[in-house]
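K.L.:
Dropping a structure here in structure tokens format, bear with me for questions.
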Amino acid sequence: MPQHKPSLVLASGSATRRQLLDRLQLPYSVDPADIDETIAADEPAADACRRLARAKADRVAGRHPDAVVLGSDQLLAWRGGILGKPGDAETARRQLAEIAGQTIAFHVAVSLACPDGRHLDWHETVEARMRELSEAEIARYVEIEQPVDCAGSMRSEGLGVCLVERMDSHDPSTILGMPLIAAARLLREAGLDPLRR
């Protein structure tokens, strides 16, 4: 008798995360977590990222107790602090001017809340070396991409690639906000294998 597969819920309204999850060709539904993402002043970026990914999964799991719920979070760390979403074009230009020529770290976490009460978690850090950027380049990038809702004003799935010299990562999808290699592994552990019927 075939084992029942749990349903899958993505705890995010992000179009990019939906596009990434679509690659695994698993059926899923979307239910954004809408949690309080406030970070304490002394909370390390990696810890905050892991906490928020799990909090998103847990919030949505409460509404879907029989499903596997996938939560994910991304934070940009620089000079011991966290660069958040700029909120407006002026702040975006200022953030990009500050990190130009610098090495920054993107922390990305994924967390699965399973119907049996297990939590399956993964965290990865992507280091990026930013290019030296002119005011004109920054202004043009912000005008085109409008990255006011992106951590550190970096829309990595778009023209953000033009802002960096290099990135060091174990998984090319991590910088986009959800490490697919790790997510696929965790989903297999949770009973959702894309390569099994």
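Ordering of the structure tokens sets the chain letters (A, B, ...), residue numbers begin anew at 1 in every chain, and ligands are numbered from 1 in the order given.
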Got a sec: who's within 12 Å of Arg185 in chain A, counting only C-alpha atoms, leaving out chain neighbours fewer than 3 positions off, as an MDAnalysis selection string?
P.N.:
chainID A and resid 24 110:112 120:122 179:182 188:195
K.L.:
List every residue of range 2-130 of chain A that DSSP, applied to the backbone of this structure, places in strand (DSSP E or B), and write the result as an NGL selection string.
P.N.:
:A and (7-10 or 29-30 or 67-78 or 81-83 or 103-113 or 119-130)
K.L.:
Under the rule of at most 12 Å, produce a per-residue listing of range 74-181 of chain A near range 12-16 of chain A: chain, number, name, the closest pair of atoms, and the distance in Å, as a tab-separated table, using only C-alpha atoms.
P.N.:
residue	atom	partner	partner_atom	distance
A:Gln74	CA	A:Ser14	CA	11.7
A:Val110	CA	A:Ser12	CA	11.4
A:Ser111	CA	A:Ser12	CA	12.0
A:Asp149	CA	A:Ser14	CA	10.8
A:Cys150	CA	A:Ser14	CA	11.0
A:Arg155	CA	A:Thr16	CA	10.2
A:Ser156	CA	A:Thr16	CA	10.1
A:Glu157	CA	A:Thr16	CA	7.7
A:Gly158	CA	A:Thr16	CA	10.4
A:Ser173	CA	A:Thr16	CA	10.3
A:Thr174	CA	A:Thr16	CA	11.5
A:Ile175	CA	A:Thr16	CA	11.0
A:Leu176	CA	A:Thr16	CA	7.2
A:Gly177	CA	A:Thr16	CA	7.7
A:Met178	CA	A:Thr16	CA	8.9
A:Pro179	CA	A:Thr16	CA	11.9
K.L.:
What gap, in Å, lies between CA of Gln95 in chain A and CA of Arg166 in chain A?
P.N.:
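Result for CA of Gln95 in chain A versus CA of Arg166 in chain A: 18.7 Å, one decimal.
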K.L.:
What separation in Å, quoted to one decimal, exists between CA of Pro172 in chain A and CA of Trp78 in chain A?
P.N.:
20.7 Å
K.L.:
Hey, what's within 6 Å of Val164 in chain A if we count only C-alpha atoms and toss same-chain stuff fewer than 5 positions away? As a list in words, please?
P.N.:
Arg129, Met130 and Arg131 of chain A
K.L.:
Please indicate the distance in Å from CA of Ala67 in chain A to CA of Ala48 in chain A, rounded to one decimal place.
P.N.:
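These atoms are spaced 24.7 Å apart.
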K.L.:
Which residues, written as number ranges by chain, have at least one atom at most 12 Å from Arg50 in chain A, with only C-alpha atoms counted and residues fewer than 2 positions away on the same chain left out?
P.N.:
A: 37, 39, 43-48, 52-57, 71-75, 107-112, 119-125
K.L.:
Export, as a short mmCIF file (atom, residue, chain, number, x, y, z; two decimals), in the first residue's frame, the selected residues with C-alpha atoms.
P.N.:
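Now in again_10.cif:
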data_model
loop_
_atom_site.label_atom_id
_atom_site.label_comp_id
_atom_site.auth_asym_id
_atom_site.auth_seq_id
_atom_site.Cartn_x
_atom_site.Cartn_y
_atom_site.Cartn_z
CA GLU A 37 10.42 40.32 11.61
CA ILE A 39 15.50 41.84 15.03
CA GLU A 43 21.05 39.43 17.65
CA PRO A 44 23.61 38.00 15.21
CA ALA A 45 22.41 37.92 11.59
CA ALA A 46 22.80 34.14 11.25
CA ASP A 47 20.77 33.51 14.43
CA ALA A 48 18.07 35.96 13.39
CA LEU A 52 12.76 33.94 11.32
CA ALA A 53 12.72 31.00 8.89
CA ARG A 54 11.49 28.70 11.64
CA ALA A 55 8.98 31.25 12.94
CA LYS A 56 7.47 31.54 9.45
CA ALA A 57 7.19 27.75 9.12
CA GLY A 71 9.70 28.76 5.66
CA SER A 72 12.74 30.68 4.45
CA ASP A 73 14.50 33.91 5.31
CA GLN A 74 17.42 35.99 4.02
CA LEU A 75 19.43 38.69 5.81
CA HIS A 107 22.57 34.60 5.45
CA VAL A 108 19.85 32.34 4.07
CA ALA A 109 17.89 29.82 6.12
CA VAL A 110 15.21 27.28 5.30
CA SER A 111 13.02 25.51 7.85
CA LEU A 112 10.49 22.72 7.42
CA HIS A 119 11.72 20.62 12.41
CA LEU A 120 14.25 20.28 9.60
CA ASP A 121 16.52 23.31 9.30
CA TRP A 122 19.40 24.51 7.14
CA HIS A 123 21.44 27.70 7.03
CA GLU A 124 24.04 28.88 4.53
CA THR A 125 26.15 32.01 4.20
#
K.L.:
Would you return as a ChimeraX atom specification the members of range 143-178 of chain A that DSSP assigns to helix (DSSP H, G or I) on this structure's backbone?
P.N.:
/A:143-145,151-153,159-163,174-176
K.L.:
Leaving out Asp58 in chain A and any residue of its chain fewer than 4 positions from it, which residues lie within 8 Å of it when counting only C-alpha atoms, given as a ChimeraX atom specification?
P.N.:
/A:54,62,69,113
K.L.:
Okay, now the selection with N, CA and C atoms, as an mmCIF file, in the first residue's frame?
P.N.:
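Final output, selection34.cif:
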data_model
loop_
_atom_site.group_PDB
_atom_site.id
_atom_site.type_symbol
_atom_site.label_atom_id
_atom_site.label_comp_id
_atom_site.auth_asym_id
_atom_site.auth_seq_id
_atom_site.Cartn_x
_atom_site.Cartn_y
_atom_site.Cartn_z
ATOM 1 N N ARG A 54 12.276 29.650 10.854
ATOM 2 C CA ARG A 54 11.492 28.698 11.643
ATOM 3 C C ARG A 54 10.175 29.321 12.107
ATOM 4 N N GLY A 62 0.647 26.087 12.036
ATOM 5 C CA GLY A 62 -0.508 26.154 12.923
ATOM 6 C C GLY A 62 -1.826 26.188 12.161
ATOM 7 N N VAL A 69 5.395 22.377 5.994
ATOM 8 C CA VAL A 69 5.422 23.822 5.724
ATOM 9 C C VAL A 69 6.865 24.278 5.605
ATOM 10 N N ALA A 113 8.554 22.622 8.866
ATOM 11 C CA ALA A 113 7.751 22.145 9.989
ATOM 12 C C ALA A 113 6.949 20.954 9.479
#
K.L.:
Compare A:Glu127, A:Ile138, A:Ala11, A:Ala183 by their minimum atom-to-atom distance to Glu165 in chain A, counting only C-alpha atoms, and give me the closest one.
P.N.:
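Closest candidate: A:Glu127.
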K.L.:
Which is closer to Leu159 in chain A than all the others in A:Glu145, A:Asp42, A:Glu132, A:Glu137, using only C-alpha atoms?
P.N.:
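For Leu159 in chain A, the nearest of the candidates is A:Glu145.
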K.L.:
Which neighbours of Glu135 in chain A fall inside 9 Å, counting only C-alpha atoms, when residues of the same chain fewer than 3 positions from it are skipped, and could you give them as a list in words?
P.N.:
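Using only C-alpha atoms, the neighbours found are Arg93, Ala97, Ile138, Ala139 and Arg140 of chain A.
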K.L.:
For Glu90 in chain A, which residue out of A:Ala40, A:Val161, A:Val148, A:Met167 is the nearest one, using only C-alpha atoms?
P.N.:
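Going through A:Ala40, A:Val161, A:Val148, A:Met167 one by one, the smallest distance to Glu90 in chain A is for A:Val148.
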